[in-house]
Each structure stands twice: as C-alpha cells, then as structure tokens.
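Coordinates as given in work_25.txt (compact mmCIF, C-alpha atoms):
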```
# COMPACT_ATOMS: atom_id res chain seq x y z
CA MET A 6 0.00 0.00 0.00
CA PHE A 7 1.32 3.42 -0.93
CA SER A 8 2.02 5.80 1.85
CA ARG A 9 0.33 9.19 1.71
CA ILE A 10 3.61 10.74 0.51
CA SER A 11 4.08 8.08 -2.21
CA LEU A 12 0.53 8.61 -3.45
CA SER A 13 1.08 12.36 -3.65
CA LEU A 14 4.27 11.86 -5.68
CA LEU A 15 2.47 9.44 -8.02
CA LEU A 16 -0.33 11.94 -8.62
CA LEU A 17 2.21 14.69 -9.27
CA LEU A 18 4.12 12.51 -11.73
CA SER A 19 0.89 11.64 -13.55
CA ALA A 20 0.01 15.32 -13.87
CA VAL A 21 3.44 16.11 -15.30
CA LEU A 22 3.25 13.26 -17.82
CA ILE A 23 -0.22 14.27 -18.95
CA GLY A 24 0.95 17.86 -19.35
CA CYS A 25 3.91 16.74 -21.50
CA SER A 26 1.96 14.31 -23.67
CA GLY A 27 1.81 14.75 -27.44
CA ASP A 28 -1.98 14.66 -27.57
CA GLU A 29 -2.24 18.45 -27.73
CA THR A 30 -2.56 19.81 -31.26
CA PRO A 31 0.35 22.21 -31.90
CA ALA A 32 -0.58 25.75 -32.73
CA THR A 33 -0.45 26.51 -36.46
CA PRO A 34 1.64 29.60 -37.18
CA GLU A 35 -0.31 32.44 -38.67
CA PRO A 36 0.55 33.06 -42.34
CA PRO A 37 2.10 36.42 -43.20
CA ALA A 38 -0.53 39.12 -43.47
CA THR A 39 1.12 42.53 -43.57
CA PRO A 40 3.66 43.94 -46.05
CA ALA A 41 6.26 43.89 -43.27
CA GLU A 42 5.59 40.21 -42.55
CA HIS A 43 5.80 39.23 -46.22
CA THR A 44 9.00 41.24 -46.50
CA SER A 45 10.50 39.51 -43.48
CA GLN A 46 9.69 36.16 -45.05
CA GLY A 47 11.23 37.39 -48.29
CA TRP A 48 14.52 38.21 -46.58
CA GLN A 49 14.56 34.77 -44.97
CA ASN A 50 14.27 33.19 -48.42
CA PHE A 51 16.87 35.60 -49.78
CA GLU A 52 19.35 34.64 -47.06
CA ALA A 53 18.75 30.98 -47.97
CA ARG A 54 19.52 31.94 -51.61
CA HIS A 55 15.98 31.07 -52.69
CA TYR A 56 15.77 34.21 -54.78
CA SER A 57 12.69 33.28 -56.82
CA ASP A 58 10.71 32.52 -53.65
CA ALA A 59 11.97 35.73 -52.07
CA LEU A 60 10.88 37.68 -55.14
CA THR A 61 7.38 36.23 -54.78
CA ASP A 62 7.28 37.31 -51.13
CA PHE A 63 8.37 40.86 -51.95
CA ASN A 64 5.84 41.09 -54.77
CA THR A 65 3.11 39.93 -52.40
CA ALA A 66 4.11 42.65 -49.95
CA LEU A 67 3.99 45.24 -52.72
CA ALA A 68 0.56 44.04 -53.82
CA LYS A 69 -0.61 45.16 -50.38
CA ASP A 70 1.44 48.38 -50.35
CA ALA A 71 3.05 49.44 -53.63
CA ASP A 72 5.26 52.02 -51.89
CA PHE A 73 6.66 49.78 -49.14
CA GLY A 74 10.35 50.67 -49.33
CA PRO A 75 11.90 47.55 -47.75
CA ALA A 76 9.97 45.31 -50.17
CA LEU A 77 11.02 47.44 -53.14
CA ALA A 78 14.65 47.15 -52.05
CA GLY A 79 14.32 43.40 -51.55
CA LYS A 80 12.73 43.05 -54.98
CA GLY A 81 15.64 44.97 -56.47
CA TRP A 82 18.18 42.66 -54.84
CA CYS A 83 16.34 39.56 -56.07
CA GLU A 84 16.17 40.94 -59.62
CA LEU A 85 19.88 41.72 -59.48
CA LYS A 86 20.66 38.17 -58.38
CA LEU A 87 18.36 36.60 -60.97
CA SER A 88 19.23 38.94 -63.83
CA VAL A 89 20.29 37.35 -67.10
CA SER A 90 19.54 40.29 -69.39
CA SER A 91 19.57 44.07 -69.58
CA ALA A 92 15.80 44.04 -68.99
CA GLY A 93 16.35 42.39 -65.61
CA LEU A 94 18.95 44.97 -64.67
CA ASP A 95 16.63 47.78 -65.78
CA GLN A 96 13.85 46.46 -63.55
CA ALA A 97 16.23 46.12 -60.59
CA ALA A 98 17.35 49.72 -61.10
CA THR A 99 13.72 50.86 -61.23
CA ASP A 100 12.91 49.11 -57.95
CA PHE A 101 16.02 50.33 -56.13
CA SER A 102 15.25 53.89 -57.28
CA ALA A 103 11.64 53.54 -56.11
CA ALA A 104 12.87 52.30 -52.73
CA LEU A 105 15.05 55.39 -52.36
CA LEU A 106 12.13 57.66 -53.31
CA SER A 107 9.94 55.92 -50.75
CA GLY A 108 12.42 56.87 -48.01
CA GLU A 109 14.39 53.62 -47.83
CA THR A 110 17.76 55.37 -48.09
CA GLU A 111 19.95 52.95 -46.13
CA THR A 112 23.34 52.05 -47.58
CA TYR A 113 22.22 48.55 -48.61
CA VAL A 114 19.88 50.14 -51.18
CA LEU A 115 22.64 52.37 -52.55
CA ALA A 116 24.96 49.35 -52.68
CA GLY A 117 22.43 47.40 -54.72
CA LEU A 118 21.88 50.24 -57.15
CA ALA A 119 25.64 50.79 -57.47
CA SER A 120 26.01 47.13 -58.45
CA VAL A 121 23.26 47.41 -61.04
CA ARG A 122 24.69 50.60 -62.56
CA LEU A 123 28.12 48.98 -62.91
CA ALA A 124 26.57 46.00 -64.69
CA GLN A 125 24.63 48.34 -67.00
CA GLY A 126 27.83 50.20 -67.87
CA GLY A 127 28.06 53.07 -70.33
CA LEU A 128 26.37 56.24 -69.15
CA PHE A 129 25.56 54.60 -65.81
CA LEU A 130 29.19 54.19 -64.72
CA GLY A 131 29.29 57.63 -63.16
CA GLN A 132 26.28 56.74 -61.01
CA ALA A 133 27.89 53.45 -60.00
CA ALA A 134 31.01 55.29 -58.82
CA SER A 135 29.00 57.98 -57.04
CA MET A 136 26.79 55.51 -55.16
CA ALA A 137 29.68 53.24 -54.19
CA THR A 138 31.48 56.33 -52.87
CA SER A 139 28.39 57.29 -50.86
CA VAL A 140 28.21 53.84 -49.26
CA ILE A 141 31.90 53.95 -48.30
CA SER A 142 31.54 57.49 -46.95
CA GLU A 143 28.38 56.84 -44.95
CA ASP A 144 29.43 53.43 -43.63
CA PRO A 145 33.15 52.59 -43.92
CA ASP A 146 32.43 49.19 -42.36
CA PHE A 147 29.45 48.44 -44.60
CA GLN A 148 28.24 44.85 -44.68
CA PHE A 149 24.96 43.79 -46.27
CA SER A 150 23.02 42.24 -43.40
CA HIS A 151 21.21 39.76 -45.65
CA GLN A 152 24.39 38.54 -47.38
CA GLY A 153 27.45 39.25 -45.30
CA THR A 154 29.93 38.59 -48.12
CA ILE A 155 28.83 41.85 -49.76
CA ASP A 156 30.68 44.63 -47.99
CA THR A 157 32.89 47.71 -48.30
CA THR A 158 35.43 45.79 -50.38
CA ASP A 159 32.78 45.24 -53.04
CA MET A 160 32.05 48.96 -53.08
CA ILE A 161 35.74 49.71 -53.60
CA LEU A 162 35.81 47.20 -56.46
CA ILE A 163 32.75 48.85 -58.03
CA LEU A 164 34.48 52.21 -57.79
CA ALA A 165 37.71 50.79 -59.25
CA PHE A 166 35.97 49.06 -62.17
CA SER A 167 33.95 52.22 -62.86
CA LYS A 168 37.14 54.28 -63.06
CA ALA A 169 38.81 51.73 -65.33
CA ALA A 170 35.78 51.59 -67.63
CA ALA A 171 35.92 55.37 -67.87
CA GLY A 172 39.60 55.15 -68.88
CA GLU A 173 40.92 56.40 -65.54
CA PHE A 174 43.29 53.51 -64.90
CA SER A 175 45.56 55.29 -62.42
CA LEU A 176 42.54 56.09 -60.23
CA ALA A 177 41.33 52.52 -60.63
CA LEU A 178 44.68 51.23 -59.39
CA GLU A 179 44.56 53.59 -56.41
CA GLN A 180 41.27 52.00 -55.37
CA ALA A 181 42.59 48.49 -55.96
CA ASN A 182 45.58 49.20 -53.75
CA LEU A 183 43.20 50.05 -50.88
CA ILE A 184 42.13 46.41 -50.94
CA GLN A 185 45.58 44.93 -51.44
CA SER A 186 48.63 46.84 -52.59
CA SER A 187 50.54 45.89 -55.71
CA SER A 188 53.83 46.90 -57.31
CA ILE A 189 52.25 48.00 -60.60
CA ASP A 190 53.69 51.38 -61.59
CA LEU A 191 52.54 53.47 -64.56
CA ASP A 192 56.08 54.54 -65.44
CA ASN A 193 57.77 51.17 -65.04
CA PRO A 194 56.82 48.48 -67.59
CA GLY A 195 58.86 46.02 -65.58
CA THR A 196 56.15 46.11 -62.93
CA TRP A 197 53.24 45.28 -65.23
CA PHE A 198 52.89 41.78 -63.81
CA VAL A 199 49.83 40.04 -62.37
CA SER A 200 50.07 36.43 -61.18
CA ASN A 201 53.48 36.08 -62.85
CA GLU A 202 52.06 37.18 -66.21
CA GLN A 203 53.56 40.26 -67.83
CA PHE A 204 51.30 42.66 -69.71
CA SER A 205 52.18 44.92 -72.60
CA SER A 206 50.46 47.99 -71.16
CA PHE A 207 49.73 49.60 -67.83
CA ASN A 208 46.00 49.59 -68.57
CA ALA A 209 45.94 45.85 -69.28
CA ALA A 210 47.86 45.16 -66.08
CA VAL A 211 45.41 47.22 -64.03
CA LEU A 212 42.44 45.42 -65.53
CA ALA A 213 44.01 42.06 -64.82
CA ARG A 214 44.67 43.18 -61.25
CA LEU A 215 41.03 44.22 -60.80
CA TYR A 216 39.75 40.88 -62.06
CA GLN A 217 42.20 39.09 -59.78
CA LEU A 218 40.94 41.02 -56.75
CA SER A 219 37.36 40.49 -57.82
CA GLU A 220 37.87 36.72 -57.86
CA GLN A 221 39.46 36.87 -54.41
CA TYR A 222 37.20 39.33 -52.61
CA SER A 223 33.97 39.92 -54.49
CA GLY A 224 30.81 38.99 -52.54
```

What would you get if you wrote out this structure as structure tokens?
Amino acid sequence: MFSRISLSLLLLLSAVLIGCSGDETPATPEPPATPAEHTSQGWQNFEARHYSDALTDFNTALAKDADFGPALAGKGWCELKLSVSSAGLDQAATDFSAALLSGETETYVLAGLASVRLAQGGLFLGQAASMATSVISEDPDFQFSHQGTIDTTDMILILAFSKAAAGEFSLALEQANLIQSSSIDLDNPGTWFVSNEQFSSFNAAVLARLYQLSEQYSG
C-alpha cells in the first residue's frame, strides 16, 4: 500500500506526464498578413539563396502596399541576383530607385543600385562610382546584413571598375591598392605583372589586377 507521501508523488508525476503528452494539437503559425511580414519572409528566403521565392514574397508585400520601401529594395536585390539580361537589370534599377524615393535610403539600397549601374555600364558608370562612394563614406564598415559577403570591399571594387571603364586607370589602381597593394607602376613596364604574367600595357595590367581582386574578394 502506498504511503500518503508516495501517493502524492504518483499523482504529481501523472500530472506532469499528462501535461507533457503529445496529444495536444500544436498551434499553427499564422501566415504572413502585412507587407512587413511578407517582406520579413522574403529576406529569410533571400538569405537561404531562394531568390525566386523571395521575389514572390516581396511582390506579395507590394501588392498590399506598392510604396513599401523595404519590399522594393528586396525586390531589387532579387532581380539583381536573378538577372540574365539588360531588362532584368533595368527592372532592378527601377525598384532600387523607387525604394530610395519611398524613403528607404539605407546604404544597402545604394549598394544594390551601385552594383546594377556597374553592370549596366556606359552612361551609368558615373552613377555606379558615385553611389559606391556614398556607401563607403556613410558606412566605412558596410556589410549587407542579408548577405554578409557583400561589404565595403565590393564597393571599392565597383568604384575601381567604374574608373577603369571610364579610362581612368591610375585612379582605378589607387582603389585596388586600398584592398591589397601591388607593385604596378605606370612609369615602369617592368612592374606590369599580375600572377606572374607580364602585360604589354599599364592599362591591361590594371584590368588584370582588378579581375584578380574580384575573384578573391567579391561577394
């Protein structure tokens, strides 16, 4: 026969086991409802590199609020990642610009638009350089929170490539040397080496150096 104390312990144990049983139906999480919630889900997919799913989330947010800046910026980043044509880059630029107009002026938006403008080239190179410079100036330790490999170094590379594309190779090399110094010297053809390969011109050596750094450091 159980003592009174043993019976009390048995009842307590039974109560604990019943409380921990799996018979209770788990609560079903509420689906996203607001633009902010859809945008948050979009960034989760973006961070997992599910860019098409993230794009759907951002578009759903914008269907509820067409001027929601964070969703516009997220849409721009997805379009940049998924872009395979000039049309894709144009749409990304449109969405980044709309995000800025909506008041979403954080450096990650400028960084995205700088990347797009560099890829578009031509008349957009000046904008790429200007926006990359703004990011570096406003946040010298910039790091894109949703993809940490994109940071200040990428902005310096954008600035360097923009200068080279505009024919300003000495300025491009100055930027490259901020990332990692080299011995390339405009006035000394004997220094026009990159990865043990000698180049016939200073400009070619600088370009090769930029591509080398891009392979090493680009996010």

Nearest-residue call for Leu118 in chain A, choices A:Phe63, A:Tyr56, A:Phe51, A:Trp82, using all atoms listed in the file
A:Trp82

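Coordinates place CA of Asp62 in chain A at a distance of 8.6 Å from CA of Ser45 in chain A.
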
Counting only C-alpha atoms, find the residues whose atoms lie at most 10 Å from (10.1, 51.5, -56.5) (file coordinates) and write them out as a PyMOL selection string.
chain A and resi 67+71-78+80-81+96-107+109

Which is closer to Gln180 in chain A than all the others in A:Glu42, A:Asp159, A:Glu143, A:Glu52, using all atoms listed in the file?
A:Asp159

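Taking CA of Val121 in chain A and CA of Ala210 in chain A as endpoints, the distance between them is 25.2 Å.
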
N, CA, C and O atoms for range 145-161 of chain A, written as an mmCIF file, keeping the file's coordinate frame, could you do that?
```cif
data_model
loop_
_atom_site.group_PDB
_atom_site.id
_atom_site.type_symbol
_atom_site.label_atom_id
_atom_site.label_comp_id
_atom_site.auth_asym_id
_atom_site.auth_seq_id
_atom_site.Cartn_x
_atom_site.Cartn_y
_atom_site.Cartn_z
ATOM 1 N N PRO A 145 31.865 53.187 -43.536
ATOM 2 C CA PRO A 145 33.150 52.590 -43.920
ATOM 3 C C PRO A 145 33.236 51.092 -43.635
ATOM 4 O O PRO A 145 34.019 50.382 -44.268
ATOM 5 N N ASP A 146 32.431 50.617 -42.696
ATOM 6 C CA ASP A 146 32.430 49.190 -42.360
ATOM 7 C C ASP A 146 31.170 48.501 -42.902
ATOM 8 O O ASP A 146 30.675 47.536 -42.317
ATOM 9 N N PHE A 147 30.684 48.983 -44.029
ATOM 10 C CA PHE A 147 29.450 48.440 -44.600
ATOM 11 C C PHE A 147 29.523 46.937 -44.794
ATOM 12 O O PHE A 147 30.519 46.387 -45.262
ATOM 13 N N GLN A 148 28.425 46.277 -44.409
ATOM 14 C CA GLN A 148 28.240 44.850 -44.680
ATOM 15 C C GLN A 148 26.749 44.615 -44.850
ATOM 16 O O GLN A 148 25.960 44.982 -43.984
ATOM 17 N N PHE A 149 26.369 44.036 -45.982
ATOM 18 C CA PHE A 149 24.960 43.790 -46.270
ATOM 19 C C PHE A 149 24.436 42.743 -45.300
ATOM 20 O O PHE A 149 24.897 41.601 -45.289
ATOM 21 N N SER A 150 23.470 43.119 -44.475
ATOM 22 C CA SER A 150 23.020 42.240 -43.400
ATOM 23 C C SER A 150 22.387 40.944 -43.902
ATOM 24 O O SER A 150 22.379 39.947 -43.195
ATOM 25 N N HIS A 151 21.871 40.948 -45.123
ATOM 26 C CA HIS A 151 21.210 39.760 -45.650
ATOM 27 C C HIS A 151 22.131 38.885 -46.507
ATOM 28 O O HIS A 151 21.719 37.823 -46.983
ATOM 29 N N GLN A 152 23.357 39.348 -46.708
ATOM 30 C CA GLN A 152 24.390 38.540 -47.380
ATOM 31 C C GLN A 152 25.736 39.143 -47.002
ATOM 32 O O GLN A 152 26.244 40.039 -47.668
ATOM 33 N N GLY A 153 26.285 38.629 -45.919
ATOM 34 C CA GLY A 153 27.450 39.250 -45.300
ATOM 35 C C GLY A 153 28.693 39.316 -46.162
ATOM 36 O O GLY A 153 29.613 40.078 -45.858
ATOM 37 N N THR A 154 28.749 38.543 -47.249
ATOM 38 C CA THR A 154 29.930 38.590 -48.120
ATOM 39 C C THR A 154 29.975 39.859 -48.967
ATOM 40 O O THR A 154 31.000 40.153 -49.584
ATOM 41 N N ILE A 155 28.858 40.582 -49.017
ATOM 42 C CA ILE A 155 28.830 41.850 -49.760
ATOM 43 C C ILE A 155 29.132 42.963 -48.764
ATOM 44 O O ILE A 155 28.367 43.198 -47.820
ATOM 45 N N ASP A 156 30.243 43.653 -48.986
ATOM 46 C CA ASP A 156 30.680 44.630 -47.990
ATOM 47 C C ASP A 156 31.434 45.783 -48.636
ATOM 48 O O ASP A 156 31.350 45.991 -49.863
ATOM 49 N N THR A 157 32.163 46.529 -47.812
ATOM 50 C CA THR A 157 32.890 47.710 -48.300
ATOM 51 C C THR A 157 33.864 47.357 -49.420
ATOM 52 O O THR A 157 34.043 48.140 -50.363
ATOM 53 N N THR A 158 34.484 46.200 -49.334
ATOM 54 C CA THR A 158 35.430 45.790 -50.380
ATOM 55 C C THR A 158 34.751 45.746 -51.742
ATOM 56 O O THR A 158 35.336 46.158 -52.755
ATOM 57 N N ASP A 159 33.519 45.273 -51.777
ATOM 58 C CA ASP A 159 32.780 45.240 -53.040
ATOM 59 C C ASP A 159 32.529 46.645 -53.570
ATOM 60 O O ASP A 159 32.559 46.880 -54.781
ATOM 61 N N MET A 160 32.268 47.580 -52.653
ATOM 62 C CA MET A 160 32.050 48.960 -53.080
ATOM 63 C C MET A 160 33.330 49.571 -53.658
ATOM 64 O O MET A 160 33.293 50.305 -54.647
ATOM 65 N N ILE A 161 34.458 49.232 -53.061
ATOM 66 C CA ILE A 161 35.740 49.710 -53.600
ATOM 67 C C ILE A 161 35.985 49.116 -54.977
ATOM 68 O O ILE A 161 36.457 49.799 -55.898
#
```
